[in-house]
$ cat work31.cif   # mmCIF, C-alpha atoms
data_start
#
loop_
_atom_site.group_PDB
_atom_site.id
_atom_site.type_symbol
_atom_site.label_atom_id
_atom_site.label_comp_id
_atom_site.auth_asym_id
_atom_site.auth_seq_id
_atom_site.Cartn_x
_atom_site.Cartn_y
_atom_site.Cartn_z
ATOM 1 C CA MET E 135 75.535 101.372 115.001
ATOM 2 C CA ASP E 136 73.431 103.333 112.536
ATOM 3 C CA GLN E 137 69.697 103.374 112.868
ATOM 4 C CA LYS E 138 69.261 103.381 109.094
ATOM 5 C CA ASN E 139 68.565 99.671 108.987
ATOM 6 C CA LYS E 140 65.898 98.916 106.406
ATOM 7 C CA GLY E 141 64.231 95.660 107.309
ATOM 8 C CA LEU E 142 66.835 93.695 109.248
ATOM 9 C CA SER E 143 65.330 92.468 112.496
ATOM 10 C CA ASN E 144 66.701 93.631 115.810
ATOM 11 C CA GLU E 145 67.405 89.988 116.654
ATOM 12 C CA LEU E 146 69.572 89.583 113.568
ATOM 13 C CA ILE E 147 71.443 92.800 114.234
ATOM 14 C CA GLU E 148 72.059 91.741 117.829
ATOM 15 C CA LEU E 149 73.372 88.373 116.605
ATOM 16 C CA LEU E 150 75.753 90.044 114.153
ATOM 17 C CA ASP E 151 77.013 92.450 116.809
ATOM 18 C CA GLU E 152 77.493 89.599 119.270
ATOM 19 C CA LYS E 153 79.660 87.707 116.788
ATOM 20 C CA VAL E 154 81.646 90.842 115.939
ATOM 21 C CA ALA E 155 82.353 91.413 119.621
ATOM 22 C CA PHE E 156 83.597 87.853 120.011
ATOM 23 C CA PHE E 157 85.765 87.577 116.891
ATOM 24 C CA ASN E 158 87.043 91.158 116.615
ATOM 25 C CA HIS E 159 89.396 90.402 119.486
ATOM 26 C CA PRO E 160 93.149 89.736 119.816
ATOM 27 C CA ARG E 161 92.463 86.022 120.408
ATOM 28 C CA PHE E 162 91.310 85.934 116.762
ATOM 29 C CA ILE E 163 94.805 86.765 115.548
ATOM 30 C CA GLU E 164 96.847 83.701 116.477
ATOM 31 C CA HIS E 165 95.356 81.197 114.042
ATOM 32 C CA ASP E 166 94.436 83.658 111.294
ATOM 33 C CA PRO E 167 96.600 84.843 108.370
ATOM 34 C CA ILE E 168 96.555 88.335 109.882
ATOM 35 C CA SER E 169 98.949 86.965 112.523
ATOM 36 C CA ILE E 170 101.762 87.170 109.941
ATOM 37 C CA PRO E 171 101.780 90.972 109.476
ATOM 38 C CA HIS E 172 101.155 91.288 113.221
ATOM 39 C CA LEU E 173 104.686 90.001 113.728
ATOM 40 C CA PHE E 174 105.939 93.423 112.603
ATOM 41 C CA THR E 175 105.698 97.035 113.707
ATOM 42 C CA ARG E 176 107.199 98.832 110.710
ATOM 43 C CA LYS E 177 104.505 99.970 108.300
ATOM 44 C CA GLN E 178 106.238 98.664 105.187
ATOM 45 C CA ASP E 179 106.830 95.215 106.683
ATOM 46 C CA ILE E 180 103.158 95.031 107.676
ATOM 47 C CA GLU E 181 102.117 95.986 104.138
ATOM 48 C CA ILE E 182 104.429 93.540 102.374
ATOM 49 C CA MET E 183 103.606 90.552 104.526
ATOM 50 C CA GLY E 184 99.950 91.565 104.755
ATOM 51 C CA LEU E 185 99.481 91.593 100.987
ATOM 52 C CA TRP E 186 101.549 88.480 100.423
ATOM 53 C CA ILE E 187 99.866 86.329 103.058
ATOM 54 C CA ALA E 188 96.439 87.557 101.960
ATOM 55 C CA MET E 189 97.217 86.396 98.426
ATOM 56 C CA LEU E 190 98.281 82.997 99.798
ATOM 57 C CA ALA E 191 95.235 82.647 102.066
ATOM 58 C CA TRP E 192 93.639 79.571 100.604
ATOM 59 C CA GLY E 193 93.970 75.965 101.717
ATOM 60 C CA GLN E 194 94.728 74.748 105.232
ATOM 61 C CA ARG E 195 95.208 77.667 107.602
ATOM 62 C CA LYS E 196 98.073 75.873 109.338
ATOM 63 C CA THR E 197 99.868 75.601 106.007
ATOM 64 C CA ILE E 198 99.141 79.245 105.131
ATOM 65 C CA LEU E 199 100.789 80.368 108.354
ATOM 66 C CA GLN E 200 103.755 78.056 107.783
ATOM 67 C CA LYS E 201 104.253 79.601 104.351
ATOM 68 C CA GLY E 202 104.113 83.080 105.840
ATOM 69 C CA HIS E 203 106.838 82.239 108.338
ATOM 70 C CA GLU E 204 108.853 80.622 105.549
ATOM 71 C CA LEU E 205 108.686 83.794 103.467
ATOM 72 C CA ILE E 206 109.811 85.870 106.436
ATOM 73 C CA GLU E 207 112.771 83.561 106.980
ATOM 74 C CA LEU E 208 113.685 83.702 103.283
ATOM 75 C CA MET E 209 113.737 87.505 103.596
ATOM 76 C CA ASP E 210 116.037 87.351 106.629
ATOM 77 C CA GLY E 211 113.272 88.450 108.994
ATOM 78 C CA ASN E 212 113.201 91.946 107.480
ATOM 79 C CA PRO E 213 110.898 92.046 104.421
ATOM 80 C CA HIS E 214 111.190 95.736 103.515
ATOM 81 C CA GLN E 215 114.960 95.791 103.864
ATOM 82 C CA PHE E 216 115.284 92.599 101.853
ATOM 83 C CA ILE E 217 113.020 93.918 99.104
ATOM 84 C CA LEU E 218 115.149 97.041 98.702
ATOM 85 C CA GLN E 219 118.622 95.628 99.275
ATOM 86 C CA HIS E 220 118.683 92.037 98.024
ATOM 87 C CA GLN E 221 121.076 90.940 95.319
ATOM 88 C CA GLU E 222 120.288 88.663 92.401
ATOM 89 C CA ILE E 223 122.027 85.748 94.087
ATOM 90 C CA ASP E 224 119.684 86.085 97.085
ATOM 91 C CA LEU E 225 116.716 85.131 94.916
ATOM 92 C CA LYS E 226 117.999 81.609 94.397
ATOM 93 C CA ARG E 227 116.864 80.654 97.899
ATOM 94 C CA PHE E 228 113.218 81.150 96.823
ATOM 95 C CA GLU E 229 113.416 78.204 94.425
ATOM 96 C CA ARG E 230 112.123 75.940 97.191
ATOM 97 C CA PHE E 231 109.150 78.167 98.060
ATOM 98 C CA ARG E 232 105.739 77.034 96.804
ATOM 99 C CA HIS E 233 102.151 77.200 97.984
ATOM 100 C CA ARG E 234 99.621 75.279 95.939
ATOM 101 C CA THR E 235 99.620 77.025 92.516
ATOM 102 C CA PHE E 236 101.920 79.840 93.704
ATOM 103 C CA HIS E 237 105.311 78.962 92.219
ATOM 104 C CA LEU E 238 108.762 80.495 91.744
ATOM 105 C CA THR E 239 107.709 82.630 88.760
ATOM 106 C CA ASP E 240 105.005 84.230 90.879
ATOM 107 C CA THR E 241 107.315 84.743 93.853
ATOM 108 C CA LEU E 242 109.968 86.467 91.780
ATOM 109 C CA TYR E 243 107.417 88.772 90.170
ATOM 110 C CA PHE E 244 105.996 89.711 93.575
ATOM 111 C CA ILE E 245 109.499 90.575 94.766
ATOM 112 C CA HIS E 246 110.103 92.611 91.620
ATOM 113 C CA PHE E 247 106.826 94.469 92.085
ATOM 114 C CA PHE E 248 107.554 95.271 95.723
ATOM 115 C CA GLN E 249 111.065 96.451 94.906
ATOM 116 C CA LYS E 250 109.969 98.674 92.044
ATOM 117 C CA HIS E 251 107.169 100.182 94.113
ATOM 118 C CA TYR E 252 109.143 100.839 97.295
ATOM 119 C CA GLN E 253 111.993 102.382 95.345
ATOM 120 C CA GLN E 254 109.541 105.147 94.423
ATOM 121 C CA HIS E 255 106.961 105.180 97.223
ATOM 122 C CA ASP E 256 107.048 105.058 100.997
ATOM 123 C CA SER E 257 103.854 103.008 101.350
ATOM 124 C CA LEU E 258 101.944 100.390 99.399
ATOM 125 C CA GLU E 259 98.842 102.525 99.920
ATOM 126 C CA SER E 260 99.679 104.581 96.850
ATOM 127 C CA ALA E 261 99.522 101.457 94.664
ATOM 128 C CA PHE E 262 95.762 101.523 95.211
ATOM 129 C CA THR E 263 95.199 105.278 95.163
ATOM 130 C CA LEU E 264 97.833 106.926 92.924
ATOM 131 C CA ASN E 265 95.499 107.399 89.947
ATOM 132 C CA GLY E 266 92.949 109.594 91.626
ATOM 133 C CA PHE E 267 91.010 107.317 93.927
ATOM 134 C CA SER E 268 89.227 109.490 96.464
ATOM 135 C CA THR E 269 86.570 109.575 99.128
ATOM 136 C CA GLU E 270 84.099 110.374 96.344
ATOM 137 C CA ASN E 271 84.260 106.779 95.119
ATOM 138 C CA LYS E 272 81.378 104.649 96.421
ATOM 139 C CA ASP E 273 83.607 101.651 97.103
ATOM 140 C CA ILE E 274 87.080 100.248 96.561
ATOM 141 C CA GLY E 275 86.269 98.780 93.136
ATOM 142 C CA PRO E 276 88.257 101.464 91.260
ATOM 143 C CA ALA E 277 91.182 101.043 93.672
ATOM 144 C CA LEU E 278 91.296 97.288 93.065
ATOM 145 C CA ASN E 279 91.135 97.696 89.280
ATOM 146 C CA GLN E 280 93.856 100.309 89.508
ATOM 147 C CA PHE E 281 96.033 98.015 91.614
ATOM 148 C CA TYR E 282 95.645 95.145 89.135
ATOM 149 C CA THR E 283 96.711 97.355 86.226
ATOM 150 C CA TYR E 284 99.582 98.822 88.222
ATOM 151 C CA PHE E 285 100.762 95.445 89.488
ATOM 152 C CA PHE E 286 101.024 94.048 85.964
ATOM 153 C CA ASP E 287 102.288 97.139 84.155
ATOM 154 C CA GLU E 288 105.478 95.371 83.030
ATOM 155 C CA PRO E 289 105.210 94.126 79.410
ATOM 156 C CA TRP E 290 106.882 90.889 80.489
ATOM 157 C CA ALA E 291 104.599 90.292 83.496
ATOM 158 C CA PRO E 292 103.983 86.524 83.722
ATOM 159 C CA GLN E 293 100.521 85.614 82.550
ATOM 160 C CA ARG E 294 100.328 82.802 85.095
ATOM 161 C CA THR E 295 100.745 85.280 87.963
ATOM 162 C CA GLN E 296 97.600 87.167 86.934
ATOM 163 C CA LYS E 297 95.409 84.504 88.516
ATOM 164 C CA HIS E 298 96.786 85.463 91.931
ATOM 165 C CA ILE E 299 95.615 89.096 91.765
ATOM 166 C CA ALA E 300 91.862 89.558 91.387
ATOM 167 C CA ALA E 301 89.972 92.587 90.060
ATOM 168 C CA PRO E 302 86.330 93.666 89.885
ATOM 169 C CA MET E 303 86.726 94.222 86.140
ATOM 170 C CA LYS E 304 87.277 90.452 85.911
ATOM 171 C CA ASN E 305 84.035 89.962 87.890
ATOM 172 C CA SER E 306 85.882 88.439 90.811
ATOM 173 C CA ALA E 307 84.634 88.845 94.369
ATOM 174 C CA CYS E 308 88.243 89.853 95.188
ATOM 175 C CA LYS E 309 87.975 88.205 98.603
ATOM 176 C CA ARG E 310 91.685 88.261 99.423
ATOM 177 C CA LEU E 311 92.271 91.856 98.355
ATOM 178 C CA CYS E 312 89.143 93.010 100.179
ATOM 179 C CA MET E 313 90.458 91.221 103.258
ATOM 180 C CA PHE E 314 93.869 92.868 102.912
ATOM 181 C CA LEU E 315 92.313 96.311 102.566
ATOM 182 C CA ARG E 316 90.165 95.638 105.622
ATOM 183 C CA TRP E 317 93.362 94.940 107.545
ATOM 184 C CA MET E 318 95.046 98.136 106.338
ATOM 185 C CA VAL E 319 92.076 100.540 106.523
ATOM 186 C CA ARG E 320 89.701 99.591 109.365
ATOM 187 C CA LYS E 321 90.248 101.569 112.546
ATOM 188 C CA ASP E 322 88.963 100.525 115.960
ATOM 189 C CA ASN E 323 90.361 99.696 119.387
ATOM 190 C CA ALA E 324 90.092 95.905 119.111
ATOM 191 C CA GLY E 325 93.685 95.374 117.987
ATOM 192 C CA VAL E 326 92.974 93.051 115.053
ATOM 193 C CA ASP E 327 92.932 95.311 111.980
ATOM 194 C CA PHE E 328 95.816 97.754 111.615
ATOM 195 C CA GLY E 329 94.106 100.926 110.362
ATOM 196 C CA ILE E 330 97.376 102.377 109.044
ATOM 197 C CA TRP E 331 96.027 103.786 105.771
ATOM 198 C CA SER E 332 93.967 106.957 105.448
ATOM 199 C CA SER E 333 93.355 107.518 101.718
ATOM 200 C CA ILE E 334 90.605 104.906 101.720
ATOM 201 C CA SER E 335 87.685 105.238 104.104
ATOM 202 C CA PRO E 336 86.332 102.242 106.053
ATOM 203 C CA ALA E 337 82.953 103.166 104.555
ATOM 204 C CA GLN E 338 84.357 102.346 101.082
ATOM 205 C CA LEU E 339 85.525 98.855 101.994
ATOM 206 C CA VAL E 340 83.765 95.847 100.505
ATOM 207 C CA CYS E 341 83.061 92.783 102.624
ATOM 208 C CA PRO E 342 85.349 89.841 101.772
ATOM 209 C CA LEU E 343 83.149 87.186 100.213
ATOM 210 C CA ASP E 344 84.017 83.489 100.106
ATOM 211 C CA VAL E 345 81.999 80.291 100.087
ATOM 212 C CA HIS E 346 81.612 80.303 103.875
ATOM 213 C CA SER E 347 80.586 83.938 104.320
ATOM 214 C CA GLN E 348 78.217 83.809 101.359
ATOM 215 C CA ARG E 349 76.552 80.645 102.628
ATOM 216 C CA THR E 350 76.075 82.290 106.019
ATOM 217 C CA ALA E 351 74.791 85.520 104.470
ATOM 218 C CA GLU E 352 72.270 83.551 102.411
ATOM 219 C CA LYS E 353 71.050 81.631 105.459
ATOM 220 C CA LEU E 354 70.578 84.907 107.328
ATOM 221 C CA GLY E 355 68.687 86.409 104.401
ATOM 222 C CA LEU E 356 71.284 89.124 103.838
ATOM 223 C CA VAL E 357 71.803 88.220 100.171
ATOM 224 C CA SER E 358 70.067 86.177 97.516
ATOM 225 C CA GLY E 359 71.583 83.041 96.067
ATOM 226 C CA GLY E 360 73.894 83.186 93.094
ATOM 227 C CA PRO E 361 77.539 83.059 92.077
ATOM 228 C CA SER E 362 80.246 84.525 94.264
ATOM 229 C CA ASN E 363 81.406 87.564 92.307
ATOM 230 C CA TRP E 364 81.912 91.315 92.639
ATOM 231 C CA LYS E 365 78.218 92.024 92.205
ATOM 232 C CA LYS E 366 77.411 89.670 95.084
ATOM 233 C CA ALA E 367 80.104 91.210 97.289
ATOM 234 C CA ILE E 368 78.610 94.658 96.655
ATOM 235 C CA GLU E 369 75.115 93.323 97.346
ATOM 236 C CA LEU E 370 76.226 92.008 100.729
ATOM 237 C CA THR E 371 78.150 95.168 101.593
ATOM 238 C CA ASN E 372 75.194 97.388 100.743
ATOM 239 C CA VAL E 373 73.001 95.399 103.134
ATOM 240 C CA LEU E 374 75.627 95.687 105.865
ATOM 241 C CA LYS E 375 75.800 99.437 105.235
ATOM 242 C CA GLN E 376 72.146 99.601 106.249
ATOM 243 C CA VAL E 377 73.323 98.499 109.684
ATOM 244 C CA ASN E 378 76.571 100.461 109.806
ATOM 245 C CA SER E 379 77.208 102.848 106.919
ATOM 246 C CA THR E 380 80.640 103.966 108.135
ATOM 247 C CA ASP E 381 82.146 100.544 108.884
ATOM 248 C CA PRO E 382 80.266 97.780 107.050
ATOM 249 C CA THR E 383 83.160 95.306 106.959
ATOM 250 C CA ARG E 384 83.192 94.990 110.742
ATOM 251 C CA TYR E 385 80.542 92.345 110.070
ATOM 252 C CA ASP E 386 83.093 90.279 108.200
ATOM 253 C CA PHE E 387 84.034 89.044 111.671
ATOM 254 C CA ALA E 388 80.446 87.916 112.287
ATOM 255 C CA LEU E 389 80.109 86.125 108.952
ATOM 256 C CA TYR E 390 83.496 84.510 109.505
ATOM 257 C CA GLY E 391 82.470 83.381 112.964
ATOM 258 C CA MET E 392 79.224 81.823 111.844
ATOM 259 C CA GLY E 393 80.620 80.493 108.583
ATOM 260 C CA ILE E 394 83.791 78.670 109.489
ATOM 261 C CA GLU E 395 83.623 77.963 113.202
ATOM 262 C CA ASP E 396 85.334 74.605 113.757
ATOM 263 C CA LYS E 397 86.620 74.620 110.160
ATOM 264 C CA THR E 398 90.268 74.776 109.141
ATOM 265 C CA THR E 399 90.101 75.421 105.388
ATOM 266 C CA TRP E 400 90.003 78.755 103.590
ATOM 267 C CA LYS E 401 88.308 78.854 100.198
#

$ encode --input "work31.cif" --output "structure tokens"
Amino acid sequence: MDQKNKGLSNELIELLDEKVAFFNHPRFIEHDPISIPHLFTRKQDIEIMGLWIAMLAWGQRKTILQKGHELIELMDGNPHQFILQHQEIDLKRFERFRHRTFHLTDTLYFIHFFQKHYQQHDSLESAFTLNGFSTENKDIGPALNQFYTYFFDEPWAPQRTQKHIAAPMKNSACKRLCMFLRWMVRKDNAGVDFGIWSSISPAQLVCPLDVHSQRTAEKLGLVSGGPSNWKKAIELTNVLKQVNSTDPTRYDFALYGMGIEDKTTWK
């Protein structure tokens, strides 16, 4: 831990570290959406299922996990291979797949995006960094805006699907994408996050902000009250950087632990 903390009490820091130690642990995985990409070892499968389940991570966690397993089954247990090798007739099976407002149109566009990207790139990492994102950027805001533009670069991209991909330029807190990038970028020995990307530094990550984590952060005096948006996510992350400038999103585990213990709904 850094000693650059500016005003946070030692008691609060100890509490945050205690919660990180408890929740940044393999036992965290089983009932969390991150369990879906943990079913795989191939980098591309982890990326595909990681992004997809992160985008579906709202509602009952049990249902989220069921939908993740359903997607895997629909892709014959091999997401990357299916994305690259499927035939048009194979897409018909997805007609029965839905999760809340995520419908067939959205599913088919996600499959199209993945196929187009992996036909040209080995990793999904480049979708966030191909237009010059570097370690000079303060945070992942430019990477998220870049990804949004890249994801919807088809002139026929369904307008309805745009609500499933957030972006700082739309003043969204981008909770699900920030969570996905935490999974891909953070590196430690706990075995929860994957740490398989290197173009983005853990120091650039932004803490995933939802109703639970923001409520907890407000109670702890980490942030002021206000709407949950990109500005608020940056405000929280900057405070956490005072405690650990190189890995601020490790405290996402603490805010999660204090915010939704004994709860089963993701907002």

$ resolve_selection --input "work31.cif" --expression "the PyMOL selection byres ((chain E and resi 258-267) around 12)" --output "ChimeraX atom specification"
/E:177-186,214,247-257,268-287,301,311-312,314-315,318-319,329-335,338

$ residues_around --input "work31.cif" --residues "Lys366 in chain E" --least-positions-apart "3" --cutoff "12 Å" --atoms "all atoms listed in the file" --output "JSON, numbers by chain"
{"E": [302, 305, 306, 307, 308, 309, 340, 341, 342, 343, 344, 345, 347, 348, 349, 351, 352, 356, 357, 358, 359, 360, 361, 362, 363, 369, 370, 371, 372, 373]}

$ resolve_selection --input "work31.cif" --expression "the PyMOL selection byres ((chain E and resi 217) around 9)" --output "PyMOL selection string"
chain E and resi 209+212-216+218-220+245-246+248-249+252

$ closest_residue --input "work31.cif" --among "E:Leu142, E:Arg227, E:Trp364, E:Lys196" --to "Asp210 in chain E" --atoms "only C-alpha atoms"
E:Arg227

$ resolve_selection --input "work31.cif" --expression "the PyMOL selection byres ((chain E and resi 381-392) around 8)" --output "VMD selection string"
chain E and resid 150 to 154 157 to 158 316 320 336 to 337 339 to 342 346 to 347 350 to 351 371 374 to 375 377 to 380 393 to 395

$ write_last_selection --input "work31.cif" --atoms "C-alpha atoms" --output "short mmCIF file (atom, residue, chain, number, x, y, z; two decimals), keeping the file's coordinate frame"
data_model
loop_
_atom_site.label_atom_id
_atom_site.label_comp_id
_atom_site.auth_asym_id
_atom_site.auth_seq_id
_atom_site.Cartn_x
_atom_site.Cartn_y
_atom_site.Cartn_z
CA LEU E 150 75.75 90.04 114.15
CA ASP E 151 77.01 92.45 116.81
CA GLU E 152 77.49 89.60 119.27
CA LYS E 153 79.66 87.71 116.79
CA VAL E 154 81.65 90.84 115.94
CA PHE E 157 85.76 87.58 116.89
CA ASN E 158 87.04 91.16 116.62
CA ARG E 316 90.16 95.64 105.62
CA ARG E 320 89.70 99.59 109.36
CA PRO E 336 86.33 102.24 106.05
CA ALA E 337 82.95 103.17 104.56
CA LEU E 339 85.52 98.86 101.99
CA VAL E 340 83.76 95.85 100.50
CA CYS E 341 83.06 92.78 102.62
CA PRO E 342 85.35 89.84 101.77
CA HIS E 346 81.61 80.30 103.88
CA SER E 347 80.59 83.94 104.32
CA THR E 350 76.08 82.29 106.02
CA ALA E 351 74.79 85.52 104.47
CA THR E 371 78.15 95.17 101.59
CA LEU E 374 75.63 95.69 105.86
CA LYS E 375 75.80 99.44 105.24
CA VAL E 377 73.32 98.50 109.68
CA ASN E 378 76.57 100.46 109.81
CA SER E 379 77.21 102.85 106.92
CA THR E 380 80.64 103.97 108.14
CA GLY E 393 80.62 80.49 108.58
CA ILE E 394 83.79 78.67 109.49
CA GLU E 395 83.62 77.96 113.20
#

$ atom_distance --input "work31.cif" --atom1 "CA of Glu145 in chain E" --atom2 "CA of Ala324 in chain E"
23.6 Å

$ atom_distance --input "work31.cif" --atom1 "CA of Pro167 in chain E" --atom2 "CA of Glu204 in chain E"
13.3 Å

$ axis_aligned_box --input "work31.cif" --around "range 348-356 of chain E" --padding-each-side "8 Å" --output "JSON"
{"center_x": 73.5, "center_y": 84.9, "center_z": 104.3, "size_x": 25.5, "size_y": 24.5, "size_z": 22.0}

$ atom_distance --input "work31.cif" --atom1 "CA of Glu164 in chain E" --atom2 "CA of His237 in chain E"
26.1 Å

$ residues_around --input "work31.cif" --residues "Ile198 in chain E" --least-positions-apart "2" --cutoff "12 Å" --atoms "all atoms listed in the file" --output "NGL selection string"
:E and (165-170 or 186-196 or 200-205 or 232-234 or 236 or 398-401)

$ closest_residue --input "work31.cif" --among "E:Thr295, E:Gln376, E:Thr197, E:Gln221" --to "Phe244 in chain E" --atoms "only C-alpha atoms"
E:Thr295
